$ cat my_file17.cif   # mmCIF, C-alpha atoms
data_data
loop_
_atom_site.label_atom_id
_atom_site.label_comp_id
_atom_site.auth_asym_id
_atom_site.auth_seq_id
_atom_site.Cartn_x
_atom_site.Cartn_y
_atom_site.Cartn_z
CA MET W 119 87.38 26.18 80.54
CA SER W 120 90.07 26.62 77.96
CA THR W 121 88.39 29.53 76.18
CA LEU W 122 87.97 31.39 79.45
CA LEU W 123 91.54 30.74 80.57
CA ASP W 124 93.25 31.46 77.27
CA VAL W 125 93.69 35.20 77.49
CA GLY W 126 92.94 36.96 74.22
CA THR W 127 91.94 40.34 72.91
CA LEU W 128 88.43 39.96 74.35
CA HIS W 129 89.82 39.75 77.90
CA TYR W 130 91.71 42.98 77.37
CA LEU W 131 88.60 44.64 75.94
CA VAL W 132 86.55 43.60 78.97
CA LEU W 133 89.20 44.90 81.38
CA SER W 134 89.45 48.15 79.41
CA ALA W 135 85.65 48.55 79.46
CA LEU W 136 85.61 47.98 83.23
CA LEU W 137 88.28 50.62 83.85
CA PHE W 138 86.48 52.99 81.46
CA LEU W 139 83.16 52.57 83.29
CA ILE W 140 84.76 53.01 86.73
CA GLY W 141 86.55 56.13 85.47
CA THR W 142 83.36 57.56 83.95
CA ILE W 143 81.45 57.03 87.18
CA GLY W 144 84.28 58.75 89.05
CA ILE W 145 84.22 61.75 86.70
CA VAL W 146 80.45 62.22 87.00
CA VAL W 147 79.94 61.35 90.67
CA ARG W 148 82.87 62.69 92.66
CA ARG W 149 82.95 66.32 93.77
CA ASN W 150 86.65 66.66 94.54
CA MET W 151 88.46 68.00 91.47
CA ILE W 152 91.65 66.04 92.19
CA THR W 153 89.70 62.78 92.17
CA VAL W 154 87.92 63.79 88.96
CA LEU W 155 91.30 64.42 87.28
CA MET W 156 92.54 61.01 88.48
CA SER W 157 89.39 59.41 87.02
CA ILE W 158 90.15 61.07 83.67
CA GLU W 159 93.61 59.47 83.79
CA LEU W 160 91.89 56.12 84.38
CA VAL W 161 89.74 56.57 81.27
CA LEU W 162 92.74 57.54 79.12
CA ASN W 163 94.66 54.52 80.42
CA SER W 164 91.78 52.18 79.54
CA VAL W 165 91.91 53.48 75.97
CA ASN W 166 95.64 52.65 75.91
CA ILE W 167 94.85 49.06 76.91
CA ASN W 168 92.53 48.79 73.90
CA LEU W 169 95.18 50.22 71.57
CA ILE W 170 97.83 47.78 72.79
CA ALA W 171 95.45 44.79 72.60
CA PHE W 172 94.40 45.56 69.02
CA SER W 173 98.01 46.30 68.06
CA PHE W 174 98.91 42.76 69.15
CA SER W 175 95.80 41.25 67.55
CA HIS W 176 96.56 42.80 64.15
CA GLY W 177 100.34 42.40 64.37
CA ASP W 178 100.71 46.10 63.61
CA LEU W 179 102.99 48.57 65.41
CA THR W 180 100.74 51.60 64.82
CA GLY W 181 98.67 50.94 67.95
CA GLN W 182 101.75 51.20 70.14
CA ILE W 183 102.78 54.48 68.47
CA PHE W 184 99.29 55.88 69.05
CA ALA W 185 99.43 54.77 72.70
CA ILE W 186 102.62 56.80 73.15
CA PHE W 187 100.88 59.87 71.70
CA THR W 188 97.94 59.28 74.05
CA ILE W 189 100.32 59.16 77.02
CA ALA W 190 101.85 62.49 75.92
CA VAL W 191 98.41 64.11 75.64
CA ALA W 192 97.44 62.68 79.06
CA ALA W 193 100.57 64.24 80.58
CA GLY W 194 99.69 67.65 79.11
CA GLU W 195 96.11 67.31 80.27
CA ALA W 196 97.20 66.49 83.83
CA ALA W 197 99.56 69.48 83.94
CA VAL W 198 96.94 71.97 82.72
CA GLY W 199 94.16 70.42 84.85
CA LEU W 200 96.24 70.64 88.00
CA GLY W 201 97.20 74.23 87.07
CA ILE W 202 93.49 75.07 86.89
CA LEU W 203 93.06 73.34 90.25
CA ILE W 204 95.75 75.51 91.84
CA ALA W 205 94.15 78.64 90.36
CA LEU W 206 90.74 77.55 91.70
CA PHE W 207 92.23 76.87 95.13
CA ARG W 208 93.77 80.36 95.22
CA LEU W 209 90.42 81.90 94.30
CA ARG W 210 88.05 79.81 96.44
CA GLN W 211 90.18 77.98 99.07
CA THR W 212 88.47 74.76 98.01
CA THR W 213 88.86 71.96 95.46
CA GLU W 214 85.18 71.01 95.36
CA LEU W 215 83.70 71.45 91.92
CA ASP W 216 80.29 72.55 93.26
CA GLN W 217 81.92 75.66 94.71
CA ALA W 218 82.99 76.90 91.27
CA ARG W 219 79.78 78.08 89.62
CA GLU W 220 80.58 81.56 88.31
CA LEU W 221 79.76 80.71 84.71
CA SER W 222 76.41 79.06 85.45
CA GLY W 223 74.97 82.44 86.52
CA MET N 103 103.06 22.67 88.20
CA ASP N 104 102.24 21.75 84.61
CA PHE N 105 99.14 23.88 84.90
CA LEU N 106 101.25 26.86 86.03
CA VAL N 107 103.65 26.46 83.12
CA ALA N 108 100.88 26.04 80.55
CA HIS N 109 98.77 28.95 81.78
CA GLY N 110 101.44 31.20 83.31
CA SER N 111 100.70 34.29 81.22
CA SER N 112 96.94 33.84 81.70
CA ILE N 113 97.37 33.63 85.48
CA LEU N 114 99.52 36.77 85.41
CA PHE N 115 96.85 38.53 83.35
CA PHE N 116 94.03 37.69 85.76
CA LEU N 117 96.15 38.60 88.79
CA PHE N 118 97.18 42.01 87.50
CA ALA N 119 93.81 42.75 85.86
CA LEU N 120 92.13 42.13 89.22
CA ALA N 121 94.64 44.40 90.97
CA ALA N 122 94.10 47.10 88.32
CA VAL N 123 90.32 47.02 88.77
CA ILE N 124 90.66 47.11 92.58
CA GLY N 125 93.00 50.10 92.26
CA ALA N 126 90.52 51.88 89.97
CA LEU N 127 87.69 51.23 92.44
CA GLY N 128 89.91 52.68 95.17
CA VAL N 129 90.39 55.90 93.16
CA VAL N 130 86.63 56.38 92.88
CA THR N 131 85.64 55.34 96.41
CA LEU N 132 88.43 56.47 98.76
CA ARG N 133 87.71 59.74 100.53
CA ASN N 134 91.31 60.88 101.06
CA PRO N 135 92.84 61.90 97.68
CA MET N 136 96.28 60.84 98.91
CA PHE N 137 95.07 57.23 99.25
CA GLY N 138 93.31 57.63 95.91
CA ALA N 139 96.59 58.66 94.26
CA VAL N 140 98.41 55.61 95.67
CA SER N 141 95.52 53.44 94.47
CA LEU N 142 95.87 55.02 91.02
CA LEU N 143 99.59 54.21 91.08
CA VAL N 144 98.73 50.53 91.66
CA THR N 145 96.46 50.61 88.59
CA PHE N 146 99.15 52.27 86.44
CA LEU N 147 101.81 49.70 87.38
CA CYS N 148 99.43 46.76 86.83
CA VAL N 149 98.47 48.14 83.40
CA ALA N 150 102.18 48.39 82.56
CA VAL N 151 102.54 44.66 83.34
CA LEU N 152 99.54 43.96 81.07
CA PHE N 153 101.30 45.89 78.29
CA LEU N 154 104.33 43.64 78.79
CA LEU N 155 102.10 40.58 78.39
CA ARG N 156 100.99 41.96 74.99
CA HIS N 157 104.65 42.39 73.94
CA ALA N 158 104.55 46.20 74.07
CA GLU N 159 107.78 46.54 76.05
CA PHE N 160 108.56 50.14 75.15
CA VAL N 161 105.04 51.39 75.89
CA ALA N 162 105.15 49.53 79.23
CA ILE N 163 108.31 51.32 80.34
CA VAL N 164 106.96 54.65 79.07
CA GLN N 165 103.81 53.97 81.10
CA ILE N 166 105.91 53.47 84.25
CA PHE N 167 108.07 56.56 83.56
CA VAL N 168 105.35 59.01 82.54
CA TYR N 169 102.35 57.79 84.55
CA GLY N 170 104.03 56.17 87.54
CA GLY N 171 106.76 58.80 87.68
CA GLY N 172 105.72 62.12 86.17
CA ILE N 173 101.95 62.32 86.47
CA MET N 174 101.88 60.64 89.89
CA VAL N 175 104.46 63.08 91.31
CA LEU N 176 102.40 65.94 89.85
CA PHE N 177 99.25 64.67 91.60
CA LEU N 178 100.98 64.05 94.95
CA PHE N 179 102.65 67.47 94.76
CA VAL N 180 99.32 69.24 94.21
CA ILE N 181 97.58 67.20 96.94
CA MET N 182 100.29 68.25 99.39
CA LEU N 183 100.18 71.86 98.13
CA VAL N 184 96.50 72.41 98.86
CA ASP N 185 95.34 72.27 102.47
CA GLN N 186 94.52 68.76 103.60
CA HIS N 187 91.54 69.86 105.69
CA GLN N 188 89.98 71.58 102.72
CA LEU N 189 90.33 68.40 100.68
CA MET N 190 87.95 66.34 102.78
CA GLU N 191 84.72 66.51 100.86
CA SER N 192 81.69 67.58 102.85
CA ASP N 193 79.64 65.12 100.82
CA LYS N 194 81.77 62.68 98.85
CA TYR N 195 79.31 62.00 96.06
CA GLY N 196 77.02 64.50 94.35
CA GLY N 197 73.25 64.31 94.65
CA HIS N 198 72.46 62.08 91.67
CA TRP N 199 75.14 59.42 91.95
CA TRP N 200 72.64 56.59 91.25
CA LEU N 201 71.83 58.28 87.91
CA ALA N 202 75.51 58.06 86.94
CA VAL N 203 75.65 54.39 87.93
CA LEU N 204 72.51 53.75 85.84
CA ALA N 205 74.09 55.47 82.83
CA ALA N 206 77.26 53.42 83.34
CA LEU N 207 75.20 50.20 83.43
CA LEU N 208 73.53 51.21 80.13
CA LEU N 209 77.01 51.84 78.67
CA ALA N 210 78.08 48.41 79.96
CA ALA N 211 75.10 46.87 78.14
CA VAL N 212 76.22 48.61 74.94
CA PHE N 213 79.75 47.20 75.42
CA ILE N 214 78.43 43.67 76.02
CA THR N 215 76.26 43.70 72.89
CA ALA N 216 79.24 44.99 70.91
CA PHE N 217 81.72 42.41 72.25
CA LEU N 218 79.62 39.23 72.25
CA PRO N 219 79.25 38.60 68.49
CA VAL N 220 82.89 39.42 67.68
CA SER N 221 85.69 36.87 67.74
CA PHE N 222 89.34 37.79 67.49
CA ALA N 223 92.14 35.77 65.94
CA ASP N 224 95.12 36.26 68.19
CA PRO N 225 98.64 35.38 67.05
CA PRO N 226 100.26 32.76 69.32
CA VAL N 227 103.62 34.55 69.44
CA ALA N 228 104.78 38.16 69.31
CA PRO N 229 104.15 39.61 65.82
CA PRO N 230 107.40 40.16 63.88
CA ALA N 231 106.40 43.76 63.16
CA PHE N 232 106.96 44.55 66.86
CA SER N 233 110.70 44.00 66.72
CA ASN N 234 111.74 44.09 63.05
CA VAL N 235 113.49 47.05 61.48
CA GLU N 236 113.46 46.68 57.69
CA GLY N 237 113.26 42.90 57.93
CA VAL N 238 116.03 42.56 60.53
CA ALA N 239 115.05 41.44 64.04
CA ARG N 240 116.30 44.07 66.50
CA GLY N 241 113.94 45.08 69.32
CA ASN N 242 110.71 46.79 70.25
CA SER N 243 112.35 50.14 71.06
CA GLU N 244 114.25 50.15 67.77
CA ALA N 245 111.10 49.28 65.79
CA ILE N 246 109.10 52.06 67.48
CA ALA N 247 111.92 54.58 66.99
CA TRP N 248 112.18 53.64 63.30
CA SER N 249 108.45 54.12 62.82
CA LEU N 250 108.19 57.24 65.00
CA TYR N 251 111.03 59.20 63.41
CA ARG N 252 110.14 58.33 59.82
CA GLN N 253 106.50 57.55 59.20
CA TYR N 254 105.11 59.58 62.12
CA LEU N 255 107.61 62.43 62.26
CA LEU N 256 105.02 65.19 61.76
CA PRO N 257 102.67 64.05 64.59
CA PHE N 258 105.75 63.65 66.79
CA GLU N 259 106.74 67.28 66.18
CA ILE N 260 103.16 68.44 66.75
CA VAL N 261 103.15 66.62 70.11
CA SER N 262 106.34 68.44 71.10
CA VAL N 263 104.67 71.79 70.34
CA PHE N 264 101.58 70.62 72.26
CA LEU N 265 103.66 69.78 75.31
CA LEU N 266 105.34 73.22 75.13
CA VAL N 267 101.92 74.91 75.01
CA ALA N 268 100.67 72.78 77.93
CA MET N 269 103.77 73.66 79.95
CA ILE N 270 103.35 77.41 79.30
CA GLY N 271 99.64 77.12 80.14
CA ALA N 272 100.37 75.35 83.43
CA VAL N 273 102.97 78.00 84.39
CA VAL N 274 100.58 80.87 83.56
CA LEU N 275 97.72 79.25 85.48
CA GLY N 276 99.86 78.55 88.53
CA ARG N 277 101.41 82.04 88.67
CA LYS N 278 100.39 84.46 91.39
CA GLN N 279 98.34 87.38 90.06
#
$ encode --input "my_file17.cif" --output "structure tokens"
Amino acid sequence: MSTLLDVGTLHYLVLSALLFLIGTIGIVVRRNMITVLMSIELVLNSVNINLIAFSFSHGDLTGQIFAIFTIAVAAGEAAVGLGILIALFRLRQTTELDQARELSG
Amino acid sequence: MDFLVAHGSSILFFLFALAAVIGALGVVTLRNPMFGAVSLLVTFLCVAVLFLLRHAEFVAIVQIFVYGGGIMVLFLFVIMLVDQHQLMESDKYGGHWWLAVLAALLLAAVFITAFLPVSFADPPVAPPAFSNVEGVARGNSEAIAWSLYRQYLLPFEIVSVFLLVAMIGAVVLGRKQ
């Protein structure tokens, strides 16, 4: 009872793993590119949870600094990904990933 | 009442963790991307609360600003920009969705075998490194600024260049031919 209720690093790891798995399924399964990009944000956010949890567990500030860098990279990734989405929509009038298969021959 | 006082932070964790997982499930399962984006916003805000519970105050507010503000506005803007009728997927999931779920279950098994034998020693209070600047207790923002602008100055500058490149890339991609 007490070990389950006392929230520790393990709880955060389990939550992070859950969000990571849900995000991975979303990336692989969904066909709408907007949803795939949102799933990528989910995965990046789950990594941030791990960084913050281990930062607290070790009493070290470096994890928080790294989480800020991850957030910056996620912002850049979202901007470029949505730019690609706009370009794809101009070209194909669709956001479904199955419609974009020029490179697969 | 005593139970609430003794386990307040734990109850908050379970509440917001549950809401975060439900929001993530909504992102993957909802058909309309607009609802998916709102669901994603719920997850972002709940994760920010979880950061607060781990005494990462500055990262929590950055999470709300950048994810809840910037990235979410970007997503909503693009969803409104492209035609709503085109967004409805003809077939929401691809052909082999059960294969992806199977792979995810295998990954979950890997996680479980990795987590089970490990035990973590958690400090009962906030670590002093989170708020101390050269031995003086100040605050989380001050401690992060001190570390970011001294020890991690080079990565910080590289990130600024990276954001500039991403911005130029987004402008070039979004430009009319």
$ interface_residues --input "my_file17.cif" --of "chain N" --to "chain W" --cutoff "6 Å" --atoms "all atoms listed in the file" --output "PyMOL selection string"
chain N and resi 112+130+188+195-196+199+206+224+229+232+265+268+272+275-276
$ resolve_selection --input "my_file17.cif" --expression "the PyMOL selection byres ((chain N and resi 163) around 12)" --output "mmCIF file with C-alpha atoms, in the frame of the given file"
data_model
loop_
_atom_site.group_PDB
_atom_site.id
_atom_site.type_symbol
_atom_site.label_atom_id
_atom_site.label_comp_id
_atom_site.auth_asym_id
_atom_site.auth_seq_id
_atom_site.Cartn_x
_atom_site.Cartn_y
_atom_site.Cartn_z
ATOM 1 C CA ILE W 186 102.620 56.800 73.150
ATOM 2 C CA ILE W 189 100.320 59.160 77.020
ATOM 3 C CA PHE N 146 99.150 52.270 86.440
ATOM 4 C CA LEU N 147 101.810 49.700 87.380
ATOM 5 C CA CYS N 148 99.430 46.760 86.830
ATOM 6 C CA VAL N 149 98.470 48.140 83.400
ATOM 7 C CA ALA N 150 102.180 48.390 82.560
ATOM 8 C CA VAL N 151 102.540 44.660 83.340
ATOM 9 C CA LEU N 152 99.540 43.960 81.070
ATOM 10 C CA PHE N 153 101.300 45.890 78.290
ATOM 11 C CA LEU N 154 104.330 43.640 78.790
ATOM 12 C CA HIS N 157 104.650 42.390 73.940
ATOM 13 C CA ALA N 158 104.550 46.200 74.070
ATOM 14 C CA GLU N 159 107.780 46.540 76.050
ATOM 15 C CA PHE N 160 108.560 50.140 75.150
ATOM 16 C CA VAL N 161 105.040 51.390 75.890
ATOM 17 C CA ALA N 162 105.150 49.530 79.230
ATOM 18 C CA VAL N 164 106.960 54.650 79.070
ATOM 19 C CA GLN N 165 103.810 53.970 81.100
ATOM 20 C CA ILE N 166 105.910 53.470 84.250
ATOM 21 C CA PHE N 167 108.070 56.560 83.560
ATOM 22 C CA VAL N 168 105.350 59.010 82.540
ATOM 23 C CA TYR N 169 102.350 57.790 84.550
ATOM 24 C CA GLY N 170 104.030 56.170 87.540
ATOM 25 C CA GLY N 171 106.760 58.800 87.680
ATOM 26 C CA ASN N 242 110.710 46.790 70.250
ATOM 27 C CA SER N 243 112.350 50.140 71.060
#
$ closest_residue --input "my_file17.cif" --among "N:Phe213, N:Ser221, N:Leu114, N:Arg240" --to "Arg156 (chain N)" --atoms "all atoms listed in the file"
N:Leu114
$ atom_distance --input "my_file17.cif" --atom1 "CA of Arg277 (chain N)" --atom2 "CA of Leu142 (chain N)"
27.7 Å
$ atom_distance --input "my_file17.cif" --atom1 "CA of Phe179 (chain N)" --atom2 "CA of Ala139 (chain N)"
10.7 Å
$ closest_residue --input "my_file17.cif" --among "W:Ile158, W:Val165, W:Ala218, W:Leu209" --to "Lys278 (chain N)" --atoms "only C-alpha atoms"
W:Leu209
$ atom_distance --input "my_file17.cif" --atom1 "CA of Trp248 (chain N)" --atom2 "CA of Pro225 (chain N)"
23.0 Å
$ resolve_selection --input "my_file17.cif" --expression "the PyMOL selection byres ((chain N and resi 181) around 10)" --output "list in words"
Ile152, Leu200 and Ile204 of chain W; Asn134, Pro135, Met136, Ala139, Val175, Leu176, Phe177, Leu178, Phe179, Val180, Met182, Leu183, Val184, Asp185, Gln186 and Leu189 of chain N
$ build_atoms --input "my_file17.cif" --residues "region 171-182 of chain W" --atoms "all heavy atoms" --output "compact mmCIF listing (two decimals), in the coordinates of the input"
# COMPACT_ATOMS: atom_id res chain seq x y z
N ALA W 171 96.04 46.10 72.89
CA ALA W 171 95.45 44.79 72.60
C ALA W 171 95.21 44.63 71.11
O ALA W 171 95.52 43.58 70.52
CB ALA W 171 94.15 44.64 73.38
N PHE W 172 94.67 45.67 70.46
CA PHE W 172 94.40 45.56 69.02
C PHE W 172 95.69 45.58 68.21
O PHE W 172 95.77 44.97 67.15
CB PHE W 172 93.47 46.68 68.56
CG PHE W 172 92.03 46.39 68.83
CD1 PHE W 172 91.29 47.18 69.66
CD2 PHE W 172 91.44 45.29 68.24
CE1 PHE W 172 89.96 46.89 69.91
CE2 PHE W 172 90.11 45.00 68.48
CZ PHE W 172 89.37 45.80 69.31
N SER W 173 96.71 46.30 68.72
CA SER W 173 98.01 46.30 68.06
C SER W 173 98.57 44.87 67.99
O SER W 173 99.07 44.43 66.96
CB SER W 173 98.96 47.21 68.83
OG SER W 173 100.28 47.03 68.42
N PHE W 174 98.44 44.14 69.12
CA PHE W 174 98.91 42.76 69.15
C PHE W 174 98.05 41.87 68.26
O PHE W 174 98.56 41.02 67.52
CB PHE W 174 98.86 42.24 70.59
CG PHE W 174 99.38 40.85 70.77
CD1 PHE W 174 100.74 40.61 70.84
CD2 PHE W 174 98.50 39.78 70.88
CE1 PHE W 174 101.23 39.33 71.01
CE2 PHE W 174 98.98 38.50 71.04
CZ PHE W 174 100.34 38.27 71.11
N SER W 175 96.73 42.09 68.30
CA SER W 175 95.80 41.25 67.55
C SER W 175 96.04 41.37 66.04
O SER W 175 95.94 40.39 65.31
CB SER W 175 94.37 41.63 67.90
OG SER W 175 93.47 40.90 67.12
N HIS W 176 96.35 42.59 65.58
CA HIS W 176 96.56 42.80 64.15
C HIS W 176 98.01 42.64 63.74
O HIS W 176 98.31 42.69 62.54
CB HIS W 176 96.08 44.21 63.75
CG HIS W 176 94.61 44.37 63.81
ND1 HIS W 176 93.78 44.01 62.77
CD2 HIS W 176 93.79 44.83 64.77
CE1 HIS W 176 92.53 44.25 63.10
NE2 HIS W 176 92.50 44.75 64.32
N GLY W 177 98.93 42.50 64.72
CA GLY W 177 100.34 42.40 64.37
C GLY W 177 100.88 43.67 63.74
O GLY W 177 101.73 43.63 62.87
N ASP W 178 100.36 44.82 64.20
CA ASP W 178 100.71 46.10 63.61
C ASP W 178 101.26 47.01 64.71
O ASP W 178 100.70 47.08 65.80
CB ASP W 178 99.47 46.73 62.97
CG ASP W 178 99.83 47.90 62.07
OD1 ASP W 178 100.89 48.51 62.29
OD2 ASP W 178 99.05 48.19 61.15
N LEU W 179 102.34 47.74 64.40
CA LEU W 179 102.99 48.57 65.41
C LEU W 179 102.26 49.89 65.66
O LEU W 179 102.49 50.54 66.68
CB LEU W 179 104.44 48.85 64.96
CG LEU W 179 105.45 49.26 66.02
CD1 LEU W 179 105.61 48.16 67.04
CD2 LEU W 179 106.77 49.58 65.38
N THR W 180 101.35 50.26 64.75
CA THR W 180 100.74 51.60 64.82
C THR W 180 100.01 51.84 66.13
O THR W 180 100.02 52.95 66.67
CB THR W 180 99.76 51.77 63.65
OG1 THR W 180 100.39 51.33 62.46
CG2 THR W 180 99.36 53.21 63.49
N GLY W 181 99.38 50.79 66.68
CA GLY W 181 98.67 50.94 67.95
C GLY W 181 99.60 51.38 69.07
O GLY W 181 99.23 52.22 69.89
N GLN W 182 100.79 50.82 69.10
CA GLN W 182 101.75 51.20 70.14
C GLN W 182 102.18 52.65 69.99
O GLN W 182 102.31 53.38 70.97
CB GLN W 182 102.96 50.28 70.10
CG GLN W 182 102.61 48.84 70.41
CD GLN W 182 103.85 47.98 70.59
OE1 GLN W 182 104.95 48.46 70.69
NE2 GLN W 182 103.63 46.67 70.63
